[in-house]
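**Student:** This is input-v2.txt, which holds compact mmCIF, C-alpha atoms:
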```
# COMPACT_ATOMS: atom_id res chain seq x y z
CA MET A 282 0.00 0.00 0.00
CA ALA A 283 1.28 3.49 -0.87
CA HIS A 284 2.42 5.82 1.93
CA PRO A 285 3.93 9.31 2.08
CA HIS A 286 7.02 8.52 4.15
CA ASP A 287 10.63 9.06 3.18
CA VAL A 288 13.40 6.56 3.72
CA PRO A 289 14.59 5.09 6.00
CA THR A 290 11.65 2.69 6.16
CA SER A 291 10.26 1.84 9.61
CA ALA A 292 12.18 -1.45 9.55
CA GLN A 293 15.39 0.38 8.67
CA LEU A 294 14.84 2.84 11.54
CA LEU A 295 14.45 -0.03 14.00
CA GLU A 296 17.51 -1.72 12.56
CA SER A 297 19.57 1.44 13.11
CA VAL A 298 18.55 1.56 16.80
CA ARG A 299 19.26 -2.14 17.23
CA GLN A 300 22.72 -1.78 15.72
CA TRP A 301 23.47 1.22 17.94
CA LEU A 302 22.53 -0.84 20.99
CA GLU A 303 24.76 -3.67 19.87
CA ARG A 304 27.74 -1.55 18.84
CA ASP A 305 27.82 1.27 21.43
CA VAL A 306 25.59 0.45 24.39
CA MET A 307 26.17 -3.24 25.10
CA PRO A 308 29.96 -3.07 25.50
CA ALA A 309 29.60 -0.11 27.87
CA VAL A 310 27.14 -1.53 30.42
CA ASP A 311 27.17 -4.12 33.23
CA ALA A 312 25.93 -7.70 32.92
CA ARG A 313 22.43 -6.94 34.21
CA LEU A 314 21.91 -4.13 31.69
CA GLN A 315 23.45 -6.30 28.98
CA PHE A 316 20.77 -8.89 29.66
CA HIS A 317 18.03 -6.27 29.35
CA GLY A 318 19.79 -4.82 26.31
CA ARG A 319 19.75 -8.21 24.62
CA VAL A 320 16.03 -8.51 25.31
CA ALA A 321 15.52 -5.05 23.75
CA MET A 322 17.58 -5.98 20.67
CA ASN A 323 15.56 -9.16 20.23
CA LEU A 324 12.33 -7.17 20.39
CA LEU A 325 13.54 -4.74 17.74
CA ALA A 326 14.58 -7.60 15.46
CA MET A 327 11.18 -9.21 16.02
CA VAL A 328 9.31 -6.07 14.92
CA GLU A 329 11.63 -5.77 11.89
CA ARG A 330 10.58 -9.29 10.88
CA GLU A 331 6.93 -8.53 11.50
CA ILE A 332 7.08 -5.43 9.30
CA GLU A 333 8.66 -7.50 6.55
CA ILE A 334 6.55 -10.67 6.55
CA GLY A 335 3.53 -9.65 8.68
CA PRO A 336 1.28 -8.44 5.81
CA ALA A 337 1.66 -11.69 3.85
CA GLN A 338 1.09 -13.67 7.06
CA ALA A 339 -2.10 -11.72 7.75
CA ASN A 340 -3.38 -12.78 4.32
CA GLU A 341 -2.62 -16.42 5.01
CA HIS A 342 -4.23 -16.21 8.44
CA ASP A 343 -7.36 -14.74 6.90
CA LYS A 344 -7.55 -17.66 4.46
CA ARG A 345 -7.18 -20.18 7.29
CA LEU A 346 -9.93 -18.55 9.33
CA LYS A 347 -12.24 -18.46 6.28
CA ILE A 348 -11.74 -22.21 5.75
CA LEU A 349 -12.82 -22.73 9.36
CA GLY A 350 -15.66 -20.21 9.09
CA CYS A 351 -14.35 -18.02 11.91
CA ALA A 352 -13.93 -14.23 11.97
CA ASP A 353 -10.86 -14.26 14.21
CA ASP A 354 -8.87 -16.31 16.73
CA TYR A 355 -11.34 -15.42 19.50
CA GLU A 356 -14.16 -17.09 17.62
CA LEU A 357 -11.97 -20.06 16.67
CA ALA A 358 -10.81 -20.59 20.28
CA GLN A 359 -14.39 -20.30 21.51
CA ARG A 360 -15.73 -22.81 18.98
CA ILE A 361 -12.98 -25.34 19.76
CA LYS A 362 -13.77 -24.95 23.45
CA SER A 363 -17.52 -25.36 22.99
CA GLY A 364 -17.10 -28.54 20.94
CA GLU A 365 -18.44 -27.10 17.67
CA MET A 366 -15.20 -28.11 15.91
CA ASP A 367 -15.08 -31.66 17.27
CA ASP A 368 -16.02 -33.22 13.92
CA ARG A 369 -13.12 -31.55 12.08
CA LEU A 370 -10.34 -31.47 14.68
CA GLU A 371 -7.67 -32.85 12.32
CA GLU A 372 -8.23 -30.00 9.90
CA VAL A 373 -8.32 -27.48 12.77
CA LYS A 374 -5.03 -28.79 14.18
CA ALA A 375 -3.27 -28.53 10.81
CA LEU A 376 -4.41 -24.93 10.31
CA VAL A 377 -3.69 -23.88 13.91
CA TYR A 378 -0.23 -25.44 13.59
CA ALA A 379 0.42 -23.36 10.47
CA SER A 380 -0.42 -20.19 12.39
CA VAL A 381 1.88 -21.21 15.28
CA VAL A 382 4.71 -21.60 12.77
CA ASP A 383 3.92 -18.13 11.40
CA LYS A 384 4.01 -16.66 14.90
CA LEU A 385 7.43 -18.23 15.48
CA LEU A 386 8.76 -16.99 12.14
CA VAL A 387 8.31 -13.50 13.59
CA ALA A 388 8.90 -14.09 17.31
CA ASN A 389 11.82 -16.52 17.22
CA PRO A 390 12.59 -18.25 13.90
CA LYS A 391 15.53 -20.16 15.44
CA TYR A 392 13.05 -22.06 17.59
CA LEU A 393 11.79 -23.85 14.47
CA GLU A 394 15.23 -25.31 13.81
CA LYS A 395 15.22 -27.29 17.05
CA MET B 193 13.06 7.31 53.44
CA LYS B 194 16.11 7.00 51.19
CA THR B 195 17.22 3.49 50.21
CA ASN B 196 20.16 3.51 52.63
CA ALA B 197 17.97 4.52 55.54
CA LEU B 198 15.52 1.73 54.62
CA VAL B 199 18.33 -0.81 54.57
CA ASP B 200 19.65 0.44 57.92
CA ALA B 201 16.20 0.22 59.46
CA LEU B 202 15.75 -3.32 58.14
CA ALA B 203 19.16 -4.28 59.59
CA ARG B 204 18.11 -2.94 63.01
CA ASP B 205 14.83 -4.86 62.85
CA LEU B 206 16.67 -8.04 61.88
CA SER B 207 19.17 -7.77 64.73
CA ARG B 208 16.25 -7.42 67.14
CA VAL B 209 14.36 -10.38 65.62
CA LEU B 210 17.42 -12.65 65.73
CA GLY B 211 18.80 -11.26 69.02
CA VAL B 212 22.23 -10.56 67.54
CA SER B 213 24.34 -7.44 68.02
CA GLU B 214 25.23 -6.80 64.40
CA ILE B 215 23.84 -7.43 60.93
CA SER B 216 26.34 -6.89 58.11
CA ASN B 217 26.41 -7.04 54.29
CA LEU B 218 22.64 -6.69 54.07
CA ARG B 219 21.81 -6.62 50.38
CA ARG B 220 18.84 -7.19 48.13
CA LEU B 221 18.85 -10.20 45.82
CA THR B 222 16.53 -10.59 42.85
CA GLY B 223 13.20 -11.97 43.99
CA GLY B 224 9.96 -13.21 42.53
CA ALA B 225 6.81 -11.22 41.91
CA SER B 226 5.40 -11.78 45.37
CA ARG B 227 8.57 -11.85 47.49
CA GLU B 228 11.61 -9.75 48.16
CA THR B 229 14.79 -11.61 49.00
CA TRP B 230 17.69 -10.25 51.05
CA ARG B 231 20.98 -11.76 52.11
CA PHE B 232 23.00 -10.79 55.19
CA ASP B 233 25.64 -11.95 57.66
CA ALA B 234 25.35 -12.26 61.43
CA ASP B 235 27.48 -14.14 63.96
CA ASP B 236 29.83 -15.45 61.23
CA SER B 237 26.98 -17.05 59.30
CA SER B 238 25.08 -16.02 56.18
CA PHE B 239 21.31 -15.88 56.09
CA VAL B 240 18.56 -15.23 53.57
CA LEU B 241 15.47 -13.22 54.40
CA GLN B 242 12.32 -13.67 52.35
CA ARG B 243 9.68 -11.06 52.91
CA VAL B 244 6.27 -10.83 51.28
CA ARG B 245 5.88 -7.77 49.06
CA PRO B 246 3.34 -5.29 50.39
CA GLY B 247 -0.11 -5.94 48.95
CA THR B 248 0.49 -9.64 48.19
CA VAL B 249 -2.54 -11.74 49.07
CA GLY B 250 -2.04 -14.84 51.17
CA GLY B 251 1.21 -13.96 52.96
CA LEU B 252 3.86 -16.67 53.21
CA LYS B 253 1.21 -19.39 53.16
CA GLN B 254 2.49 -22.74 54.45
CA GLU B 255 6.06 -22.31 53.24
CA PRO B 256 7.83 -22.35 56.64
CA SER B 257 5.96 -25.47 57.79
CA VAL B 258 6.62 -27.21 54.49
CA LEU B 259 10.35 -26.41 54.80
CA VAL B 260 10.50 -27.92 58.27
CA MET B 261 8.58 -31.01 57.21
CA ALA B 262 10.70 -31.50 54.07
CA ALA B 263 13.91 -31.23 56.12
CA ARG B 264 12.61 -33.78 58.60
CA HIS B 265 12.07 -36.25 55.74
CA GLY B 266 15.53 -35.83 54.28
CA VAL B 267 14.75 -33.44 51.41
CA PRO B 268 17.72 -31.06 51.06
CA VAL B 269 16.35 -27.61 51.99
CA PRO B 270 17.72 -24.46 53.65
CA GLU B 271 17.45 -24.60 57.43
CA LEU B 272 14.59 -22.47 58.76
CA VAL B 273 16.00 -20.09 61.36
CA PHE B 274 13.00 -17.85 62.04
CA ASP B 275 9.36 -18.26 61.05
CA GLY B 276 7.91 -14.77 60.77
CA SER B 277 4.79 -15.84 58.86
CA ALA B 278 2.55 -14.55 61.66
CA SER B 279 4.83 -11.71 62.80
CA ASP B 280 4.54 -7.98 62.14
CA GLU B 281 8.09 -7.17 63.26
CA LEU B 282 9.20 -6.54 59.65
CA THR B 283 5.81 -5.10 58.64
CA GLU B 284 5.10 -7.94 56.19
CA PRO B 285 5.24 -11.71 56.85
CA PHE B 286 8.76 -13.10 56.46
CA MET B 287 11.06 -16.00 57.15
CA ILE B 288 14.80 -16.31 57.65
CA VAL B 289 16.78 -19.34 56.50
CA ARG B 290 20.46 -20.21 56.68
CA ALA B 291 22.08 -19.43 53.31
CA VAL B 292 23.14 -22.40 51.19
CA GLU B 293 26.14 -21.83 48.90
CA GLY B 294 26.00 -22.80 45.26
CA GLU B 295 24.60 -21.74 41.90
CA THR B 296 21.01 -21.37 40.68
CA ILE B 297 21.60 -19.94 37.19
CA ALA B 298 20.72 -22.64 34.66
CA ARG B 299 23.15 -21.50 31.98
CA LYS B 300 26.13 -21.79 34.37
CA ILE B 301 25.02 -25.13 35.78
CA GLN B 302 24.64 -26.50 32.26
CA ARG B 303 27.97 -25.25 30.94
CA ASP B 304 30.58 -24.45 33.60
CA ASP B 305 33.31 -27.02 34.24
CA ALA B 306 32.74 -26.64 38.00
CA PHE B 307 29.38 -28.44 37.66
CA GLY B 308 30.44 -31.48 35.61
CA LEU B 309 29.86 -33.88 38.49
CA ALA B 310 26.67 -32.08 39.53
CA ARG B 311 25.32 -32.58 36.00
CA GLN B 312 26.10 -36.31 36.17
CA ASN B 313 24.38 -36.58 39.55
CA PHE B 314 21.41 -34.38 38.71
CA CYS B 315 18.83 -37.07 37.88
CA ARG B 316 19.90 -39.17 40.84
CA ASP B 317 19.59 -36.20 43.23
CA ALA B 318 16.35 -34.90 41.74
CA GLY B 319 14.74 -38.35 41.80
CA ALA B 320 15.80 -38.87 45.41
CA ALA B 321 14.65 -35.44 46.61
CA LEU B 322 11.24 -35.77 44.94
CA ALA B 323 10.76 -39.33 46.19
CA LYS B 324 11.41 -38.19 49.76
CA LEU B 325 9.14 -35.18 49.43
CA HIS B 326 6.32 -37.28 47.99
CA SER B 327 6.59 -39.85 50.76
CA ILE B 328 5.48 -37.29 53.37
CA ASP B 329 2.03 -37.98 54.79
CA VAL B 330 -0.26 -35.24 53.42
CA GLN B 331 -1.79 -34.85 56.89
CA GLU B 332 1.51 -33.47 58.20
CA VAL B 333 1.08 -29.99 56.74
CA ILE B 334 -2.27 -28.30 57.17
CA GLY B 335 -3.73 -25.75 54.81
CA LEU B 336 -2.01 -26.57 51.53
CA GLU B 337 -4.04 -25.83 48.42
CA ASN B 338 -5.70 -28.84 46.89
CA GLU B 339 -6.99 -27.88 43.46
CA ASP B 340 -7.48 -29.71 40.19
CA GLN B 341 -4.71 -28.21 38.04
CA VAL B 342 -6.68 -28.47 34.77
CA VAL B 343 -9.61 -26.58 36.30
CA ARG B 344 -7.28 -24.01 37.81
CA TYR B 345 -5.43 -23.15 34.59
CA ARG B 346 -8.69 -23.27 32.59
CA GLU B 347 -9.87 -20.45 34.89
CA VAL B 348 -6.63 -18.49 34.55
CA LEU B 349 -6.77 -18.66 30.73
CA ASP B 350 -10.45 -17.60 30.72
CA PHE B 351 -9.61 -14.70 33.02
CA LEU B 352 -6.78 -13.49 30.73
CA GLN B 353 -9.16 -13.36 27.72
CA GLN B 354 -6.47 -13.94 25.09
CA PRO B 355 -7.41 -16.33 22.27
CA HIS B 356 -5.15 -19.37 21.94
CA PRO B 357 -6.69 -22.08 19.73
CA THR B 358 -3.71 -24.38 20.45
CA PHE B 359 -4.38 -24.24 24.18
CA GLU B 360 -8.06 -25.00 23.61
CA LEU B 361 -7.10 -28.09 21.59
CA VAL B 362 -4.70 -29.18 24.35
CA PHE B 363 -7.28 -28.67 27.11
CA LYS B 364 -9.54 -31.05 25.19
CA TRP B 365 -6.78 -33.66 25.06
CA LEU B 366 -5.92 -33.20 28.74
CA VAL B 367 -9.52 -33.66 29.86
CA ALA B 368 -10.02 -36.71 27.61
CA ASN B 369 -6.78 -38.33 28.80
CA GLN B 370 -6.66 -37.30 32.47
CA PRO B 371 -4.99 -40.14 34.42
CA GLU B 372 -6.58 -41.66 37.49
CA SER B 373 -4.53 -40.10 40.27
CA CYS B 374 -3.51 -42.96 42.51
CA ARG B 375 -1.56 -41.00 45.12
CA ARG B 376 -1.85 -37.58 46.70
CA SER B 377 1.32 -35.97 47.96
CA ILE B 378 2.86 -32.69 48.85
CA VAL B 379 3.98 -31.37 45.46
CA HIS B 380 6.72 -28.72 45.27
CA GLY B 381 5.05 -27.08 42.28
CA ASP B 382 8.10 -25.41 40.73
CA PHE B 383 10.91 -27.99 40.91
CA ARG B 384 13.39 -27.00 38.14
CA LEU B 385 16.74 -25.32 37.52
CA GLY B 386 16.56 -21.80 38.88
CA ASN B 387 14.87 -23.01 42.04
CA LEU B 388 17.57 -25.55 42.94
CA MET B 389 20.82 -24.62 44.66
CA ILE B 390 23.47 -26.65 42.86
CA GLY B 391 26.93 -27.29 44.32
CA PRO B 392 29.92 -29.05 42.73
CA LYS B 393 28.50 -32.49 43.58
CA GLY B 394 24.81 -31.97 42.91
CA ILE B 395 21.63 -30.58 44.47
CA GLU B 396 22.46 -28.81 47.75
CA ALA B 397 19.00 -27.43 48.43
CA VAL B 398 15.51 -27.23 46.97
CA LEU B 399 14.36 -23.59 47.14
CA ASP B 400 11.20 -21.57 46.46
CA TRP B 401 8.43 -23.58 48.06
CA GLU B 402 5.77 -20.92 47.63
CA LEU B 403 3.81 -22.94 45.05
CA ALA B 404 3.75 -26.13 47.16
CA HIS B 405 0.34 -27.80 47.12
CA LEU B 406 -1.38 -31.16 47.36
CA GLY B 407 -1.64 -33.17 44.19
CA ASP B 408 -0.46 -36.04 42.04
CA PRO B 409 3.28 -36.45 42.73
CA MET B 410 3.91 -37.02 39.01
CA GLU B 411 3.20 -33.31 38.50
CA ASP B 412 6.70 -32.50 39.82
CA LEU B 413 8.36 -35.01 37.47
CA GLY B 414 6.43 -33.76 34.44
CA TRP B 415 7.20 -30.10 35.22
CA LEU B 416 10.93 -30.86 35.48
CA CYS B 417 10.79 -32.21 31.90
CA VAL B 418 8.99 -29.22 30.32
CA LYS B 419 11.03 -27.92 27.39
CA ALA B 420 11.35 -24.37 28.76
CA TRP B 421 13.19 -25.83 31.80
CA ARG B 422 15.81 -27.45 29.57
CA PHE B 423 17.13 -23.94 28.93
CA GLY B 424 18.24 -24.92 25.43
CA GLY B 425 19.77 -28.24 26.50
CA THR B 426 18.93 -31.35 24.49
CA GLN B 427 18.31 -33.86 27.31
CA PRO B 428 14.68 -34.03 28.50
CA VAL B 429 15.26 -33.66 32.26
CA ALA B 430 16.38 -30.07 32.91
CA GLY B 431 18.53 -30.34 29.79
CA LEU B 432 20.84 -32.55 31.84
CA GLY B 433 19.59 -36.13 31.95
CA SER B 434 17.33 -38.83 30.58
CA TYR B 435 13.81 -39.84 31.60
CA GLU B 436 15.17 -43.30 32.44
CA ASP B 437 17.74 -41.96 34.92
CA LEU B 438 15.19 -39.72 36.65
CA PHE B 439 12.56 -42.46 36.86
CA SER B 440 14.97 -45.12 38.13
CA ALA B 441 16.31 -42.81 40.86
CA TYR B 442 12.73 -41.97 41.86
CA GLU B 443 11.73 -45.63 41.89
CA GLN B 444 14.77 -46.59 43.93
CA HIS B 445 13.99 -44.05 46.66
CA SER B 446 10.21 -44.30 46.66
CA GLY B 447 9.67 -47.96 45.82
CA ILE B 448 6.97 -46.77 43.43
CA LYS B 449 7.06 -47.57 39.71
CA VAL B 450 6.82 -44.49 37.51
CA ASP B 451 4.25 -44.59 34.70
CA ALA B 452 5.92 -42.68 31.86
CA ASP B 453 2.53 -41.92 30.23
CA ILE B 454 1.30 -40.19 33.38
CA VAL B 455 4.50 -38.13 33.60
CA ARG B 456 3.99 -37.17 29.96
CA TRP B 457 0.43 -36.07 30.65
CA TRP B 458 1.82 -33.80 33.37
CA GLN B 459 4.53 -32.60 31.01
CA VAL B 460 1.82 -31.58 28.53
CA LEU B 461 -0.10 -29.81 31.29
CA GLY B 462 3.15 -28.18 32.48
CA THR B 463 3.93 -26.88 29.00
CA LEU B 464 0.40 -25.47 28.69
CA LYS B 465 0.65 -23.99 32.20
CA TRP B 466 3.94 -22.24 31.40
CA GLY B 467 2.36 -20.86 28.22
CA ILE B 468 -0.53 -19.45 30.26
CA ILE B 469 1.90 -17.98 32.82
CA CYS B 470 3.72 -16.28 29.92
CA ILE B 471 0.43 -14.65 28.82
CA SER B 472 -0.14 -13.55 32.39
CA GLN B 473 3.36 -12.04 32.69
CA ALA B 474 2.88 -10.04 29.50
CA SER B 475 -0.46 -8.83 30.82
CA SER B 476 1.28 -7.49 33.95
CA HIS B 477 3.14 -5.19 31.60
CA LEU B 478 0.11 -4.35 29.46
CA SER B 479 -2.12 -3.56 32.42
CA GLY B 480 0.56 -1.37 34.00
CA VAL B 481 1.00 -3.52 37.13
CA MET B 482 4.70 -3.77 36.27
CA ARG B 483 5.90 -1.96 33.15
CA SER B 484 8.86 -3.86 31.70
CA HIS B 485 10.05 -4.67 28.19
CA GLU B 486 11.22 -8.02 29.53
CA LEU B 487 7.67 -8.93 30.54
CA ALA B 488 6.37 -7.57 27.22
CA ALA B 489 8.82 -9.85 25.38
CA ILE B 490 7.49 -12.89 27.24
CA GLY B 491 4.13 -12.37 25.54
CA ARG B 492 5.72 -13.30 22.23
CA ARG B 493 7.17 -16.48 23.73
CA VAL B 494 3.75 -18.04 24.21
CA CYS B 495 3.98 -19.48 20.68
CA GLU B 496 7.12 -21.41 21.72
CA ASN B 497 4.94 -23.33 24.18
CA GLU B 498 2.28 -23.83 21.51
CA TYR B 499 4.94 -25.27 19.20
CA ASP B 500 6.26 -27.51 22.02
CA LEU B 501 2.74 -28.83 22.58
CA PHE B 502 2.34 -29.74 18.91
CA GLN B 503 5.71 -31.54 19.04
CA LEU B 504 4.83 -33.35 22.28
CA LEU B 505 1.45 -34.55 21.05
CA GLU B 506 2.42 -35.28 17.43
CA GLY B 507 0.85 -38.51 16.24
CA GLU B 508 -0.98 -39.01 19.53
CA TRP B 509 -3.94 -36.71 19.43
```
Once more with this new file: its structure as structure tokens, please.
**Tutor:**
Amino acid sequence: MAHPHDVPTSAQLLESVRQWLERDVMPAVDARLQFHGRVAMNLLAMVEREIEIGPAQANEHDKRLKILGCADDYELAQRIKSGEMDDRLEEVKALVYASVVDKLLVANPKYLEK
Amino acid sequence: MKTNALVDALARDLSRVLGVSEISNLRRLTGGASRETWRFDADDSSFVLQRVRPGTVGGLKQEPSVLVMAARHGVPVPELVFDGSASDELTEPFMIVRAVEGETIARKIQRDDAFGLARQNFCRDAGAALAKLHSIDVQEVIGLENEDQVVRYREVLDFLQQPHPTFELVFKWLVANQPESCRRSIVHGDFRLGNLMIGPKGIEAVLDWELAHLGDPMEDLGWLCVKAWRFGGTQPVAGLGSYEDLFSAYEQHSGIKVDADIVRWWQVLGTLKWGIICISQASSHLSGVMRSHELAAIGRRVCENEYDLFQLLEGEW
């Protein structure tokens, strides 16, 4: 979708902050702050990934929900809980698994290698 | 009051409580959400103070009595020096234990050369400690919570109001496959690296008894095998050992045969439970109870537990 913003893109802005943390901040702080710094860097990298692949993932998620006849994850969770999905659990599991993989591709892609 | 004045005042209160002339090296250690933890020296010994954070419901609960009972049955625990669970001398309920030396940080225990022998002995020690704990007559400690864990975490997830289709699928499996609980024991409730003081030879003390409750003893074994508590290690038990080694140590000390399927059921519940706790930690940040990017980050780790659950149940559900 078109937007009026100049470069750097939002992902590039986040990347620049993350690299500053890594290059200048981390070596200058104590172990406790380094731990919190690493958490912060991971979060920035996560949002960078979400900006990049999030829109395509949203499309895929929409398709999955349509197959299951649900508007969103709230409705899906509710209908699994109530038993309405009991006759198609195999299909539900396969589609829910695909969305878990998508979540990990943003949150922590390395986790999928284990 | 400034921090220093607060520390000085606490030191004075402690010397009065313990009847000693001087408290030295009083310093704050990291604590959990409901407790503050302090360490100090007095009379050439080191002690740990645990004090309930102001506003925490339920006080210290049964923790001091559980510690005493566990010690009496040979479970390695810190020695209780002062039970302040019903005292107002430090404003909030507290207890003082003798400090146990060692390491609690999982990464160090898993990697440092100093813990090679401790790693070898881990399953043996963990199996023995849990067997002794679970052999205690449940009548010996009064007032421990006695709740169905599936019902409890169902309520927590409903309360949090975040949609997790994976967890709904797993709840279905848990309910359909719930094992007949044949024993009821005192369960530690959070037996894992991080809550165990590890010395060069193995487990020196089991810490953090605040989640102790009555339940199926296999809950403790299953929890110890949850993937999050392997801290990246490949072995199933705390990243350090095999199911077989843990079960055989437990069987040797308890005389009770371990049913691996029941432990697995508890491992599934444990993985789900940790996922729900992750949601709850992120919501502490979102609701403003405790603003922290670390807690916020935990919200995006819930999907790791969902993935673990799919791996655990693959081909079986």
**Student:** Near chain A, which residues of chain B fall within 9 Å when you count all atoms listed in the file, and what do they look like as a list in words?
**Tutor:**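 Putting it all together, I get Gln353, Gln354, Pro355, His356, Pro357, Thr358, Phe359, Glu360, Leu361, Phe363, Lys364, His485, Glu486, Ala489, Arg492, Arg493, Cys495, Glu496, Glu498, Tyr499, Phe502 and Trp509 of chain B.
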**Student:** Could you work out how far CA of Ala420 in chain B lies from CA of Lys300 in chain B, giving the answer in Å with one decimal?
**Tutor:**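 Pair CA of Lys300 in chain B / CA of Ala420 in chain B returns 16.0 Å.
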**Student:** What lies within 8 Å of range 249-253 of chain B using all atoms listed in the file, ignoring chain neighbours under 4 positions off, as a PyMOL selection string?
**Tutor:** chain B and resi 244+277+284-286+402
**Student:** How big is the axis-aligned box around the listed atoms of range 332-351 of chain A once 3 Å is added on each side, and where is its centre? Give both in Å to one decimal, as AutoDock Vina command-line options.
**Tutor:**
```
--center_x -3.5 --center_y -14.1 --center_z 7.9 --size_x 30.3 --size_y 23.3 --size_z 14.1
```
**Student:** Just the number, please: distance in Å from CA of Gly391 in chain B to CA of Ala298 in chain B, one decimal.
**Tutor:**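 CA of Gly391 in chain B sits 12.4 Å away from CA of Ala298 in chain B.
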**Student:** Have a look at B:Ser484, B:Thr296, B:Ser279, B:Thr426 and name the one nearest to Leu399 in chain B; count all atoms listed in the file.
**Tutor:**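 When distances to Leu399 in chain B are compared using all atoms listed in the file, the smallest one comes from B:Thr296.
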**Student:** Could you add whatever atoms are missing so that range 432-446 of chain B carries N, CA and C atoms, then write the result as a compact mmCIF listing (two decimals), keeping the file's coordinate frame?
**Tutor:**
```txt
# COMPACT_ATOMS: atom_id res chain seq x y z
N LEU B 432 19.65 -31.90 31.28
CA LEU B 432 20.84 -32.55 31.84
C LEU B 432 20.80 -34.07 31.83
N GLY B 433 19.63 -34.67 31.80
CA GLY B 433 19.59 -36.13 31.95
C GLY B 433 18.41 -36.76 31.24
N SER B 434 18.35 -38.08 31.31
CA SER B 434 17.33 -38.83 30.58
C SER B 434 16.14 -39.15 31.48
N TYR B 435 14.99 -39.39 30.85
CA TYR B 435 13.81 -39.84 31.60
C TYR B 435 14.16 -41.08 32.42
N GLU B 436 14.88 -42.03 31.77
CA GLU B 436 15.17 -43.30 32.44
C GLU B 436 15.93 -43.08 33.75
N ASP B 437 16.94 -42.20 33.71
CA ASP B 437 17.74 -41.96 34.92
C ASP B 437 16.90 -41.32 36.02
N LEU B 438 16.04 -40.37 35.64
CA LEU B 438 15.19 -39.72 36.65
C LEU B 438 14.22 -40.74 37.25
N PHE B 439 13.57 -41.51 36.37
CA PHE B 439 12.56 -42.46 36.86
C PHE B 439 13.20 -43.53 37.73
N SER B 440 14.39 -44.03 37.34
CA SER B 440 14.97 -45.12 38.13
C SER B 440 15.43 -44.61 39.49
N ALA B 441 15.94 -43.36 39.55
CA ALA B 441 16.31 -42.81 40.86
C ALA B 441 15.06 -42.64 41.73
N TYR B 442 13.97 -42.18 41.12
CA TYR B 442 12.73 -41.97 41.86
C TYR B 442 12.19 -43.30 42.38
N GLU B 443 12.23 -44.31 41.50
CA GLU B 443 11.73 -45.63 41.89
C GLU B 443 12.56 -46.23 43.01
N GLN B 444 13.87 -46.04 42.91
CA GLN B 444 14.77 -46.59 43.93
C GLN B 444 14.48 -46.00 45.31
N HIS B 445 14.20 -44.69 45.36
CA HIS B 445 13.99 -44.05 46.66
C HIS B 445 12.55 -44.08 47.14
N SER B 446 11.61 -44.32 46.23
CA SER B 446 10.21 -44.30 46.66
C SER B 446 9.62 -45.71 46.69
```
